[in-house]
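Novice: I'm passing along coords-v5.txt; it holds compact mmCIF, C-alpha atoms.
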# COMPACT_ATOMS: atom_id res chain seq x y z
CA MET F 1 -23.53 7.00 88.28
CA PRO F 2 -26.01 7.80 85.53
CA SER F 3 -29.63 7.02 86.26
CA LEU F 4 -31.54 4.31 84.45
CA LYS F 5 -33.38 6.90 82.39
CA ASP F 6 -30.11 8.56 81.32
CA LEU F 7 -28.72 5.25 80.18
CA LYS F 8 -31.86 4.44 78.26
CA ASN F 9 -31.70 7.80 76.48
CA ARG F 10 -28.07 7.31 75.59
CA ILE F 11 -28.69 3.85 74.18
CA GLY F 12 -31.47 5.36 72.09
CA SER F 13 -29.27 8.12 70.70
CA VAL F 14 -26.36 5.80 69.91
CA LYS F 15 -28.78 3.49 68.13
CA SER F 16 -29.96 6.29 65.85
CA THR F 17 -26.36 7.31 65.20
CA ARG F 18 -25.65 3.75 64.16
CA LYS F 19 -28.58 3.85 61.77
CA ILE F 20 -27.23 6.99 60.14
CA THR F 21 -23.66 5.72 59.78
CA LYS F 22 -24.94 2.41 58.43
CA ALA F 23 -27.02 4.24 55.82
CA MET F 24 -24.05 6.44 54.86
CA GLN F 25 -21.89 3.36 54.50
CA MET F 26 -24.35 1.76 52.13
CA VAL F 27 -24.75 4.93 50.08
CA ALA F 28 -20.95 5.22 49.86
CA ALA F 29 -20.72 1.59 48.75
CA ALA F 30 -23.17 2.21 45.91
CA LYS F 31 -21.41 5.43 44.88
CA LEU F 32 -18.04 3.72 45.11
CA ARG F 33 -19.11 1.17 42.54
CA ARG F 34 -20.18 3.88 40.14
CA ALA F 35 -17.01 5.88 40.77
CA GLN F 36 -14.87 2.82 40.16
CA GLU F 37 -16.69 2.10 36.92
CA ALA F 38 -16.14 5.67 35.77
CA ALA F 39 -12.44 5.45 36.62
CA GLU F 40 -12.23 2.13 34.80
CA ALA F 41 -13.95 3.54 31.70
CA ALA F 42 -11.58 6.49 31.55
CA ARG F 43 -8.46 4.36 31.74
CA PRO F 44 -8.06 3.29 28.07
CA TYR F 45 -8.12 6.89 26.88
CA ALA F 46 -5.65 8.11 29.48
CA GLU F 47 -3.26 5.23 28.84
CA ARG F 48 -3.28 5.63 25.06
CA MET F 49 -2.90 9.35 25.40
CA ALA F 50 0.08 8.99 27.71
CA ALA F 51 1.71 6.41 25.44
CA VAL F 52 1.38 8.53 22.30
CA MET F 53 2.53 11.67 24.06
CA ALA F 54 5.50 9.88 25.55
CA SER F 55 6.66 8.62 22.17
CA LEU F 56 6.08 12.02 20.58
CA ALA F 57 7.85 13.78 23.41
CA ALA F 58 10.78 11.42 23.09
CA SER F 59 11.29 12.36 19.45
CA VAL F 60 10.49 16.07 19.68
CA GLY F 61 11.72 16.70 23.20
CA GLN F 62 15.37 17.19 22.31
CA SER F 63 14.82 19.88 19.73
CA ASP F 64 14.86 23.55 20.68
CA SER F 65 11.43 24.12 19.27
CA ALA F 66 9.78 21.89 21.88
CA PRO F 67 6.55 23.43 23.19
CA ARG F 68 6.70 25.21 26.52
CA LEU F 69 4.26 22.78 28.09
CA LEU F 70 6.85 20.07 27.56
CA ALA F 71 10.11 21.93 27.95
CA GLY F 72 8.98 24.23 30.74
CA THR F 73 9.73 27.91 31.12
CA GLY F 74 13.37 27.32 31.86
CA SER F 75 13.11 28.16 35.54
CA ASP F 76 11.39 26.64 38.55
CA LYS F 77 10.84 29.62 40.76
CA VAL F 78 7.07 29.66 40.95
CA HIS F 79 5.19 26.49 41.79
CA LEU F 80 1.48 25.98 41.39
CA LEU F 81 -0.04 23.35 43.67
CA VAL F 82 -3.46 22.10 42.64
CA VAL F 83 -4.90 20.50 45.75
CA MET F 84 -7.87 18.27 45.05
CA THR F 85 -10.03 17.27 47.98
CA ALA F 86 -13.62 16.36 48.64
CA GLU F 87 -16.55 18.71 49.05
CA ARG F 88 -17.78 16.80 52.07
CA GLY F 89 -16.33 15.50 55.29
CA LEU F 90 -17.04 12.32 57.22
CA CYS F 91 -14.66 10.30 55.11
CA GLY F 92 -11.93 9.41 57.57
CA GLY F 93 -8.47 10.72 56.81
CA PHE F 94 -9.19 11.26 53.13
CA ASN F 95 -8.94 15.06 53.09
CA SER F 96 -6.25 15.36 55.75
CA THR F 97 -3.82 13.03 53.99
CA ILE F 98 -3.93 15.10 50.79
CA VAL F 99 -3.67 18.33 52.72
CA ARG F 100 -0.75 17.01 54.76
CA LEU F 101 1.16 16.04 51.63
CA ALA F 102 0.44 19.37 49.96
CA ARG F 103 1.36 21.33 53.06
CA SER F 104 4.69 19.58 53.53
CA ARG F 105 5.49 20.16 49.84
CA ALA F 106 4.54 23.82 50.13
CA GLN F 107 6.71 24.29 53.20
CA GLU F 108 9.61 22.50 51.57
CA LEU F 109 9.35 24.78 48.52
CA LEU F 110 9.00 27.90 50.66
CA SER F 111 12.08 26.99 52.67
CA GLN F 112 13.98 26.74 49.37
CA GLY F 113 12.99 30.31 48.64
CA LYS F 114 10.50 29.42 45.90
CA THR F 115 7.15 31.06 45.39
CA VAL F 116 4.12 28.87 46.01
CA LYS F 117 0.66 29.40 44.58
CA ILE F 118 -2.24 27.19 45.54
CA LEU F 119 -5.35 26.38 43.57
CA THR F 120 -7.84 24.40 45.60
CA VAL F 121 -10.43 22.05 44.17
CA GLY F 122 -13.02 21.03 46.76
CA LYS F 123 -14.09 22.87 49.85
CA LYS F 124 -12.50 20.71 52.54
CA GLY F 125 -8.92 21.21 51.47
CA ARG F 126 -9.40 24.95 51.29
CA GLU F 127 -10.74 25.01 54.83
CA GLN F 128 -7.80 23.05 56.16
CA LEU F 129 -5.15 25.03 54.29
CA ARG F 130 -6.67 28.40 55.04
CA ARG F 131 -5.10 28.66 58.49
CA ASP F 132 -1.44 28.77 57.49
CA LEU F 133 -1.30 29.07 53.69
CA SER F 134 -4.19 31.37 52.80
CA ASP F 135 -1.76 34.04 51.51
CA HIS F 136 -0.85 31.68 48.69
CA PHE F 137 -4.37 30.98 47.46
CA ILE F 138 -4.94 32.12 43.90
CA GLY F 139 -8.22 30.41 43.17
CA HIS F 140 -10.79 27.84 44.05
CA VAL F 141 -12.86 25.44 42.01
CA ASP F 142 -16.21 24.56 43.51
CA LEU F 143 -17.53 21.15 42.55
CA SER F 144 -20.23 20.93 45.24
CA GLU F 145 -23.00 21.33 42.66
CA VAL F 146 -21.57 18.59 40.46
CA LYS F 147 -23.25 15.23 40.92
CA ARG F 148 -21.09 13.24 38.56
CA VAL F 149 -17.66 14.49 37.62
CA GLY F 150 -17.49 14.78 33.86
CA TYR F 151 -14.69 15.52 31.44
CA ALA F 152 -16.08 19.03 31.10
CA ASN F 153 -15.21 19.74 34.75
CA ALA F 154 -11.65 18.62 34.17
CA GLN F 155 -11.47 20.72 31.01
CA ALA F 156 -12.60 23.80 32.90
CA ILE F 157 -9.87 23.31 35.52
CA ALA F 158 -7.28 22.62 32.82
CA LYS F 159 -8.31 25.76 30.95
CA ASP F 160 -7.83 27.82 34.08
CA VAL F 161 -4.42 26.28 34.75
CA LEU F 162 -3.28 26.67 31.13
CA ALA F 163 -4.42 30.30 31.00
CA ARG F 164 -2.35 31.01 34.09
CA PHE F 165 0.60 29.21 32.53
CA ASP F 166 0.31 31.25 29.34
CA ALA F 167 0.22 34.39 31.47
CA ASP F 168 3.53 33.29 33.05
CA GLU F 169 1.98 33.02 36.48
CA PHE F 170 3.92 29.89 37.37
CA ASP F 171 6.66 27.57 36.10
CA VAL F 172 5.76 24.18 37.51
CA ALA F 173 2.33 22.73 38.26
CA THR F 174 1.69 19.74 40.47
CA ILE F 175 -1.63 18.11 41.28
CA PHE F 176 -2.37 16.49 44.63
CA PHE F 177 -4.97 13.77 44.91
CA ASN F 178 -5.61 10.37 46.43
CA ARG F 179 -4.92 7.42 44.19
CA PHE F 180 -7.45 4.68 44.75
CA GLN F 181 -5.91 1.36 45.66
CA SER F 182 -8.63 -0.39 47.60
CA VAL F 183 -11.46 0.45 49.93
CA ILE F 184 -9.11 0.56 52.88
CA SER F 185 -6.10 2.08 51.15
CA GLN F 186 -5.84 5.36 49.27
CA VAL F 187 -2.44 6.74 48.47
CA PRO F 188 -1.95 10.51 48.54
CA THR F 189 -0.11 11.32 45.32
CA ALA F 190 1.66 14.34 43.91
CA GLN F 191 1.91 14.41 40.12
CA GLN F 192 3.68 16.99 38.06
CA ILE F 193 1.57 18.04 35.07
CA ILE F 194 3.47 21.07 33.75
CA PRO F 195 6.06 20.74 32.33
CA ALA F 196 4.81 17.39 31.14
CA HIS F 197 6.72 14.54 32.65
CA PHE F 198 6.66 10.99 31.35
CA GLU F 199 7.68 7.98 33.31
CA GLY F 200 9.83 5.40 31.63
CA ALA F 201 11.21 5.61 28.15
CA ALA F 202 8.65 5.04 25.46
CA GLU F 203 9.36 2.14 23.19
CA THR F 204 8.62 2.97 19.63
CA GLU F 205 7.45 -0.22 18.00
CA ALA F 206 6.55 1.32 14.68
CA LEU F 207 7.75 4.36 12.84
CA TYR F 208 4.74 6.59 12.48
CA ASP F 209 3.96 9.20 9.91
CA TYR F 210 2.51 12.33 11.41
CA GLU F 211 -0.18 14.54 10.04
CA PRO F 212 0.15 17.53 10.25
CA SER F 213 3.63 17.38 11.88
CA GLU F 214 5.05 15.86 15.03
CA GLU F 215 5.33 19.30 16.60
CA GLY F 216 1.84 20.25 15.50
CA ILE F 217 0.29 17.15 16.99
CA LEU F 218 2.28 17.47 20.17
CA ALA F 219 1.25 21.10 20.59
CA ASP F 220 -2.35 20.03 20.09
CA LEU F 221 -2.07 17.09 22.47
CA LEU F 222 -0.23 18.61 25.41
CA PRO F 223 -3.14 20.78 26.61
CA ARG F 224 -5.45 17.80 26.18
CA GLY F 225 -2.98 15.74 28.16
CA VAL F 226 -3.22 18.20 31.04
CA ALA F 227 -7.01 17.93 30.98
CA THR F 228 -6.81 14.14 30.82
CA GLN F 229 -4.48 13.94 33.80
CA ILE F 230 -6.72 16.24 35.81
CA PHE F 231 -9.74 14.17 34.80
CA THR F 232 -8.03 10.95 35.86
CA ALA F 233 -7.07 12.55 39.16
CA LEU F 234 -10.64 13.72 39.75
CA LEU F 235 -11.98 10.24 39.10
CA GLU F 236 -9.38 8.57 41.31
CA ASN F 237 -10.21 11.09 43.98
CA GLY F 238 -13.91 10.39 43.63
CA ALA F 239 -13.42 6.66 44.05
CA SER F 240 -11.00 7.21 46.94
CA GLU F 241 -13.41 9.53 48.71
CA GLN F 242 -16.23 7.00 48.57
CA GLY F 243 -13.89 4.20 49.61
CA ALA F 244 -12.58 6.21 52.54
CA ARG F 245 -16.08 7.19 53.57
CA MET F 246 -17.24 3.61 53.33
CA SER F 247 -14.53 2.27 55.62
CA ALA F 248 -14.86 5.23 58.01
CA MET F 249 -18.58 4.66 58.28
CA ASP F 250 -18.07 0.92 58.66
CA ASN F 251 -15.82 1.64 61.65
CA ALA F 252 -18.29 4.12 63.05
CA THR F 253 -21.12 1.60 62.76
CA ARG F 254 -19.06 -1.04 64.52
CA ASN F 255 -18.05 1.37 67.27
CA ALA F 256 -21.66 2.36 67.79
CA GLY F 257 -22.57 -1.34 68.09
CA ASP F 258 -19.87 -1.90 70.71
CA MET F 259 -21.01 1.15 72.59
CA ILE F 260 -24.61 -0.06 72.59
CA ASP F 261 -23.48 -3.41 74.00
CA ARG F 262 -21.50 -1.72 76.76
CA LEU F 263 -24.32 0.63 77.66
CA THR F 264 -26.84 -2.21 77.65
CA ILE F 265 -24.72 -4.20 80.10
CA GLU F 266 -24.40 -1.15 82.31
CA TYR F 267 -28.12 -0.57 82.07
CA ASN F 268 -28.92 -4.15 83.03
CA ARG F 269 -26.48 -4.02 85.93
CA SER F 270 -27.94 -0.85 87.36
CA ARG F 271 -31.44 -2.19 86.95
CA GLN F 272 -30.47 -5.39 88.76
CA ALA F 273 -28.75 -3.34 91.48
CA ALA F 274 -31.90 -1.31 91.96
CA ILE F 275 -34.02 -4.49 92.24
CA THR F 276 -31.59 -6.05 94.72
CA LYS F 277 -31.55 -2.87 96.77
CA GLU F 278 -35.32 -2.80 96.95
CA LEU F 279 -35.42 -6.49 98.00
CA ILE F 280 -32.84 -5.91 100.73
CA GLU F 281 -34.88 -3.00 101.98
CA ILE F 282 -38.06 -5.10 102.11
CA ILE F 283 -36.35 -8.07 103.77
CA SER F 284 -34.52 -6.03 106.36
CA GLY F 285 -37.75 -4.12 106.99
CA ALA F 286 -39.57 -7.43 107.56
CA GLU F 287 -36.83 -8.73 109.85
CA ALA F 288 -36.97 -5.62 111.97
CA LEU F 289 -40.59 -6.33 112.88
CA MET M 290 -14.47 -9.92 1.81
CA ALA M 291 -11.77 -7.50 2.70
CA ASN M 292 -9.50 -8.14 5.63
CA GLU M 293 -10.52 -6.71 8.93
CA MET M 294 -8.72 -4.54 11.42
CA GLN M 295 -9.39 -3.76 15.04
CA PHE M 296 -11.25 -0.48 15.49
CA ASP M 297 -11.40 1.30 18.84
CA LEU M 298 -13.09 4.59 19.56
CA VAL M 299 -12.52 5.96 23.04
CA THR M 300 -13.42 9.20 24.74
CA PRO M 301 -12.17 10.36 28.13
CA GLU M 302 -15.38 9.14 29.72
CA ARG M 303 -15.99 5.81 28.04
CA LYS M 304 -15.11 3.34 25.35
CA LEU M 305 -17.58 3.91 22.56
CA ALA M 306 -16.65 1.21 20.12
CA SER M 307 -14.32 -1.72 19.94
CA TYR M 308 -14.81 -4.19 17.13
CA ALA M 309 -13.46 -5.36 13.81
CA ALA M 310 -13.93 -3.12 10.82
CA THR M 311 -12.95 -3.42 7.19
CA ALA M 312 -12.53 0.30 6.58
CA VAL M 313 -12.67 3.42 8.69
CA GLU M 314 -13.19 6.88 7.29
CA ILE M 315 -11.54 9.52 9.46
CA PRO M 316 -11.95 13.30 9.39
CA GLY M 317 -8.23 14.05 9.58
CA ALA M 318 -6.81 17.49 10.22
CA GLU M 319 -5.58 17.73 6.65
CA GLY M 320 -8.48 16.06 4.94
CA ASP M 321 -10.61 12.96 5.17
CA MET M 322 -8.94 9.62 4.78
CA THR M 323 -9.97 6.03 4.78
CA ALA M 324 -7.85 3.51 6.59
CA MET M 325 -7.94 -0.16 5.73
CA GLU M 326 -5.98 -3.17 6.84
CA GLY M 327 -2.29 -2.81 6.04
CA HIS M 328 -2.24 0.97 6.25
CA SER M 329 1.16 2.41 6.99
CA PRO M 330 1.58 3.62 10.58
CA LEU M 331 0.19 7.12 10.96
CA ILE M 332 -0.89 9.48 13.68
CA THR M 333 -3.17 12.30 12.69
CA SER M 334 -5.12 14.85 14.64
CA LEU M 335 -8.83 15.13 14.04
CA ARG M 336 -11.03 17.96 12.97
CA PRO M 337 -14.72 17.97 13.91
CA GLY M 338 -16.51 15.69 11.50
CA VAL M 339 -18.13 12.36 10.90
CA LEU M 340 -16.26 9.12 11.34
CA ARG M 341 -17.57 6.08 9.47
CA ALA M 342 -16.60 2.54 10.28
CA THR M 343 -17.54 -0.20 7.84
CA THR M 344 -18.12 -3.46 9.67
CA SER M 345 -19.61 -6.80 8.76
CA ASP M 346 -23.00 -5.59 9.94
CA GLY M 347 -23.16 -2.26 8.22
CA VAL M 348 -21.66 1.18 8.45
CA LYS M 349 -21.52 2.78 11.85
CA SER M 350 -21.13 6.56 12.03
CA PHE M 351 -20.01 8.78 14.86
CA VAL M 352 -19.71 12.51 15.25
CA VAL M 353 -16.25 13.23 16.64
CA SER M 354 -14.35 16.33 17.59
CA GLY M 355 -10.91 16.99 18.98
CA GLY M 356 -8.28 14.36 19.54
CA PHE M 357 -6.29 12.11 17.29
CA ALA M 358 -6.25 8.78 15.51
CA GLU M 359 -3.50 6.22 15.64
CA ILE M 360 -3.38 3.92 12.65
CA ASN M 361 -1.20 0.92 12.06
CA ALA M 362 -1.38 -2.14 9.88
CA SER M 363 -3.76 -4.16 12.04
CA ALA M 364 -5.52 -1.66 14.26
CA ILE M 365 -6.91 1.81 14.37
CA SER M 366 -7.65 3.63 17.58
CA VAL M 367 -9.38 6.97 17.65
CA LEU M 368 -9.06 9.06 20.78
CA ALA M 369 -11.68 11.74 20.51
CA GLU M 370 -12.33 14.39 23.08
CA ARG M 371 -15.99 14.13 22.19
CA ALA M 372 -17.75 11.41 20.27
CA VAL M 373 -21.38 10.41 19.91
CA PRO M 374 -23.10 7.91 17.65
CA ILE M 375 -24.65 9.84 14.81
CA GLU M 376 -28.16 8.79 15.84
CA GLU M 377 -27.65 10.62 19.13
CA ALA M 378 -26.02 13.69 17.60
CA THR M 379 -28.97 16.02 17.77
CA GLY M 380 -28.88 19.68 16.86
CA THR M 381 -28.34 20.71 20.46
CA ILE M 382 -25.08 18.82 20.83
CA ILE M 383 -23.69 20.30 17.66
CA ASP M 384 -24.97 23.75 18.57
CA SER M 385 -23.17 23.56 21.90
CA MET M 386 -19.99 22.57 20.05
CA LEU M 387 -20.51 25.49 17.71
CA ASP M 388 -21.03 27.95 20.55
CA GLU M 389 -17.88 26.68 22.20
CA ALA M 390 -15.88 27.09 19.01
CA ARG M 391 -17.28 30.59 18.42
CA SER M 392 -16.39 31.79 21.90
CA LEU M 393 -12.96 30.26 21.39
CA MET M 394 -12.61 32.20 18.15
CA GLU M 395 -13.50 35.47 19.83
CA ALA M 396 -10.95 34.84 22.55
CA ALA M 397 -8.28 33.69 20.10
CA LEU M 398 -5.11 35.66 19.52
CA PRO M 399 -4.70 37.11 16.03
CA GLU M 400 -2.23 34.39 15.02
CA ASP M 401 -4.60 31.64 16.13
CA ARG M 402 -7.59 33.28 14.52
CA ASP M 403 -7.41 31.31 11.29
CA ALA M 404 -7.34 27.99 13.06
CA ALA M 405 -10.28 28.97 15.23
CA GLN M 406 -12.23 30.18 12.24
CA LYS M 407 -11.54 26.89 10.51
CA LEU M 408 -12.87 25.05 13.55
CA VAL M 409 -16.13 27.01 13.43
CA HIS M 410 -16.38 26.37 9.72
CA ASP M 411 -15.74 22.64 10.20
CA ILE M 412 -18.52 22.39 12.74
CA GLU M 413 -20.91 24.30 10.52
CA MET M 414 -20.13 21.87 7.71
CA LEU M 415 -20.63 18.99 10.08
CA ARG M 416 -24.02 20.35 11.04
CA GLY M 417 -25.02 20.42 7.41
CA THR M 418 -23.98 16.79 7.00
CA VAL M 419 -25.78 15.53 10.04
CA ALA M 420 -28.98 17.40 9.31
CA ILE M 421 -29.44 15.55 6.02
Could you render the structure as structure tokens?

Specialist:
Amino acid sequence: MPSLKDLKNRIGSVKSTRKITKAMQMVAAAKLRRAQEAAEAARPYAERMAAVMASLAASVGQSDSAPRLLAGTGSDKVHLLVVMTAERGLCGGFNSTIVRLARSRAQELLSQGKTVKILTVGKKGREQLRRDLSDHFIGHVDLSEVKRVGYANAQAIAKDVLARFDADEFDVATIFFNRFQSVISQVPTAQQIIPAHFEGAAETEALYDYEPSEEGILADLLPRGVATQIFTALLENGASEQGARMSAMDNATRNAGDMIDRLTIEYNRSRQAAITKELIEIISGAEAL
Amino acid sequence: MANEMQFDLVTPERKLASYAATAVEIPGAEGDMTAMEGHSPLITSLRPGVLRATTSDGVKSFVVSGGFAEINASAISVLAERAVPIEEATGTIIDSMLDEARSLMEAALPEDRDAAQKLVHDIEMLRGTVAI
């Protein structure tokens, strides 16, 4: 049975924990709004880009001269997994869900006898994957100094990935990130970026002229497309992280509140018990006289 | 009054412009061109340069680099990797573009050298235009 003083101390410490989680929740809510706006603003570009590339790829894709970024290297022996996680913790299952998806994919590929290489973006994923997959690490991108993710960050990652592709270091690249659905739901997603893969057949509503040539434009666009997809993933991840943190901190705040209520009841009971005990002692002492 | 077409200028980070324009001058990869309403469908890649959109309240200019423009009869959308209104395009922004292009040129393979050199040249030209 904890003493009255112990209980009082515990109530005090849980109260300050609640203050911290409440503050983190509000900060995450503010950041979430900004992150969502950024993701929203980036959408028109990404959608247009994907549409134009899809229609170009549909017309060029069949020919033998298709660029390697579209056609692939002709084999799928070496897979590059780009695992994008947060730089910070305290955001519920955000990091673990991405890592779990990436890990199961890596193990599946390894069991098929393929080679797996892992590029981590964000500290948390690296820490979690280090235990069993550290032999496969080929690089790490640190974004902890970056306050607001910009297109330049995505370009830097894309440049790294493309340089490795040109050096024949891998055949297939997949990015892992959390797609933002709502504050309480983020979907871990795997998206193949090299060779470029387009969902759905593109409908060509108008017959376009191309300047310089279809192949020329496509060759120019494909690397940009990689950067754009990475940028979109980074933004989705940013919004997801804040959303996950917000709901995790909301839960933590509520739990702290419940705990304070429970401890307060216990405190009041023990105090009342102490008072009653003292009264009984006085009364029985008086009766004994 | 000439007929108007929808003009959109988007970058990966934001939508810079979306309004009606009568004519848009684009720095295309194979030369400047002006697109007006009823233009035949065309997709062209961009070289670094100045894009001018003529609207009902004057000409609006942007410095653009990298990306492409999609033109059809009633709309033109420009997807630029980088774009800033010309008023904001100070020397530092263009210098950073120039540095980037130069380092790219040094790293370029012999067969890509010409293209990289052209990029540097384009940006130098652009700098001359903006400085005026």

Novice: Per residue of chain M within 12 Å of chain F, what are the shortest atom pair and its distance in Å to one decimal, counting all atoms listed in the file, with rows by chain and residue number, as JSON lines?

Specialist:
{"residue": "M:Asp297", "atom": "CA", "partner": "F:Pro44", "partner_atom": "CA", "distance": 10.0}
{"residue": "M:Leu298", "atom": "CA", "partner": "F:Tyr45", "partner_atom": "CA", "distance": 9.1}
{"residue": "M:Val299", "atom": "CA", "partner": "F:Tyr45", "partner_atom": "CA", "distance": 5.9}
{"residue": "M:Thr300", "atom": "CA", "partner": "F:Tyr45", "partner_atom": "CA", "distance": 6.2}
{"residue": "M:Pro301", "atom": "CA", "partner": "F:Ala42", "partner_atom": "CA", "distance": 5.2}
{"residue": "M:Glu302", "atom": "CA", "partner": "F:Ala42", "partner_atom": "CA", "distance": 5.0}
{"residue": "M:Arg303", "atom": "CA", "partner": "F:Ala41", "partner_atom": "CA", "distance": 4.8}
{"residue": "M:Lys304", "atom": "CA", "partner": "F:Ala41", "partner_atom": "CA", "distance": 6.5}
{"residue": "M:Leu305", "atom": "CA", "partner": "F:Ala41", "partner_atom": "CA", "distance": 9.8}
{"residue": "M:Ala306", "atom": "CA", "partner": "F:Pro44", "partner_atom": "CA", "distance": 11.9}
{"residue": "M:Ser307", "atom": "CA", "partner": "F:Pro44", "partner_atom": "CA", "distance": 11.4}
{"residue": "M:Pro316", "atom": "CA", "partner": "F:Glu211", "partner_atom": "CA", "distance": 11.9}
{"residue": "M:Gly317", "atom": "CA", "partner": "F:Glu211", "partner_atom": "CA", "distance": 8.1}
{"residue": "M:Ala318", "atom": "CA", "partner": "F:Pro212", "partner_atom": "CA", "distance": 7.0}
{"residue": "M:Glu319", "atom": "CA", "partner": "F:Pro212", "partner_atom": "CA", "distance": 6.8}
{"residue": "M:Gly320", "atom": "CA", "partner": "F:Glu211", "partner_atom": "CA", "distance": 9.9}
{"residue": "M:Asp321", "atom": "CA", "partner": "F:Glu211", "partner_atom": "CA", "distance": 11.6}
{"residue": "M:Met322", "atom": "CA", "partner": "F:Glu211", "partner_atom": "CA", "distance": 11.3}
{"residue": "M:His328", "atom": "CA", "partner": "F:Tyr208", "partner_atom": "CA", "distance": 10.9}
{"residue": "M:Ser329", "atom": "CA", "partner": "F:Tyr208", "partner_atom": "CA", "distance": 7.8}
{"residue": "M:Pro330", "atom": "CA", "partner": "F:Tyr208", "partner_atom": "CA", "distance": 4.7}
{"residue": "M:Leu331", "atom": "CA", "partner": "F:Asp209", "partner_atom": "CA", "distance": 4.4}
{"residue": "M:Ile332", "atom": "CA", "partner": "F:Tyr210", "partner_atom": "CA", "distance": 5.0}
{"residue": "M:Thr333", "atom": "CA", "partner": "F:Glu211", "partner_atom": "CA", "distance": 4.6}
{"residue": "M:Ser334", "atom": "CA", "partner": "F:Ile217", "partner_atom": "CA", "distance": 6.3}
{"residue": "M:Leu335", "atom": "CA", "partner": "F:Glu211", "partner_atom": "CA", "distance": 9.5}
{"residue": "M:Arg336", "atom": "CA", "partner": "F:Asp220", "partner_atom": "CA", "distance": 11.4}
{"residue": "M:Gly355", "atom": "CA", "partner": "F:Arg224", "partner_atom": "CA", "distance": 9.1}
{"residue": "M:Gly356", "atom": "CA", "partner": "F:Leu221", "partner_atom": "CA", "distance": 7.4}
{"residue": "M:Phe357", "atom": "CA", "partner": "F:Ile217", "partner_atom": "CA", "distance": 8.3}
{"residue": "M:Ala358", "atom": "CA", "partner": "F:Glu211", "partner_atom": "CA", "distance": 10.0}
{"residue": "M:Glu359", "atom": "CA", "partner": "F:Val52", "partner_atom": "CA", "distance": 8.6}
{"residue": "M:Ile360", "atom": "CA", "partner": "F:Tyr208", "partner_atom": "CA", "distance": 8.5}
{"residue": "M:Asn361", "atom": "CA", "partner": "F:Ala206", "partner_atom": "CA", "distance": 8.2}
{"residue": "M:Ala362", "atom": "CA", "partner": "F:Ala206", "partner_atom": "CA", "distance": 9.9}
{"residue": "M:Ser363", "atom": "CA", "partner": "F:Ala206", "partner_atom": "CA", "distance": 12.0}
{"residue": "M:Ile365", "atom": "CA", "partner": "F:Arg48", "partner_atom": "CA", "distance": 11.9}
{"residue": "M:Ser366", "atom": "CA", "partner": "F:Arg48", "partner_atom": "CA", "distance": 8.9}
{"residue": "M:Val367", "atom": "CA", "partner": "F:Tyr45", "partner_atom": "CA", "distance": 9.3}
{"residue": "M:Leu368", "atom": "CA", "partner": "F:Tyr45", "partner_atom": "CA", "distance": 6.5}
{"residue": "M:Ala369", "atom": "CA", "partner": "F:Tyr45", "partner_atom": "CA", "distance": 8.8}
{"residue": "M:Glu370", "atom": "CA", "partner": "F:Arg224", "partner_atom": "CA", "distance": 8.3}
{"residue": "M:Arg371", "atom": "CA", "partner": "F:Tyr151", "partner_atom": "CA", "distance": 9.4}
{"residue": "M:Glu389", "atom": "CA", "partner": "F:Ala152", "partner_atom": "CA", "distance": 11.9}
{"residue": "M:Leu393", "atom": "CA", "partner": "F:Lys159", "partner_atom": "CA", "distance": 11.5}
{"residue": "M:Ala396", "atom": "CA", "partner": "F:Ala163", "partner_atom": "CA", "distance": 11.6}
{"residue": "M:Ala404", "atom": "CA", "partner": "F:Asp220", "partner_atom": "CA", "distance": 11.7}

Novice: Pick out the residues sitting within 12 Å of F:Ser104, and hand them over as a PyMOL selection string; count all atoms listed in the file, and ignore anything fewer than 3 positions along from it in its own chain.

Specialist: chain F and resi 81+96-101+107-111+116+129+132-133+176+190

Novice: Emit the selected residues as a PDB file, keeping the file's coordinate frame, including C-alpha atoms.

Specialist:
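Produced file result-v9.pdb, reproduced below:
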ATOM      1  CA  LEU F  81      -0.040  23.350  43.670  1.00  0.00           C
ATOM      2  CA  SER F  96      -6.250  15.360  55.750  1.00  0.00           C
ATOM      3  CA  THR F  97      -3.820  13.030  53.990  1.00  0.00           C
ATOM      4  CA  ILE F  98      -3.930  15.100  50.790  1.00  0.00           C
ATOM      5  CA  VAL F  99      -3.670  18.330  52.720  1.00  0.00           C
ATOM      6  CA  ARG F 100      -0.750  17.010  54.760  1.00  0.00           C
ATOM      7  CA  LEU F 101       1.160  16.040  51.630  1.00  0.00           C
ATOM      8  CA  GLN F 107       6.710  24.290  53.200  1.00  0.00           C
ATOM      9  CA  GLU F 108       9.610  22.500  51.570  1.00  0.00           C
ATOM     10  CA  LEU F 109       9.350  24.780  48.520  1.00  0.00           C
ATOM     11  CA  LEU F 110       9.000  27.900  50.660  1.00  0.00           C
ATOM     12  CA  SER F 111      12.080  26.990  52.670  1.00  0.00           C
ATOM     13  CA  VAL F 116       4.120  28.870  46.010  1.00  0.00           C
ATOM     14  CA  LEU F 129      -5.150  25.030  54.290  1.00  0.00           C
ATOM     15  CA  ASP F 132      -1.440  28.770  57.490  1.00  0.00           C
ATOM     16  CA  LEU F 133      -1.300  29.070  53.690  1.00  0.00           C
ATOM     17  CA  PHE F 176      -2.370  16.490  44.630  1.00  0.00           C
ATOM     18  CA  ALA F 190       1.660  14.340  43.910  1.00  0.00           C
TER      19      ALA F 190
END

Novice: Rounded to one decimal, what separation in Å do you get between atom CA of F:Ala57 and atom CA of F:Val161?

Specialist: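 Atom CA of F:Val161 lies 20.9 Å from atom CA of F:Ala57.
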
Novice: Would you compute the distance between atom CA of F:Asp258 and atom CA of F:Thr17? Give it in Å to one decimal.

Specialist: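 It comes out at 12.5 Å.
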
Novice: Could you tell me how far atom CA of F:Ala248 lies from atom CA of F:Gly12, in Å and to one decimal?

Specialist: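 Separation between atom CA of F:Ala248 and atom CA of F:Gly12: 21.8 Å.
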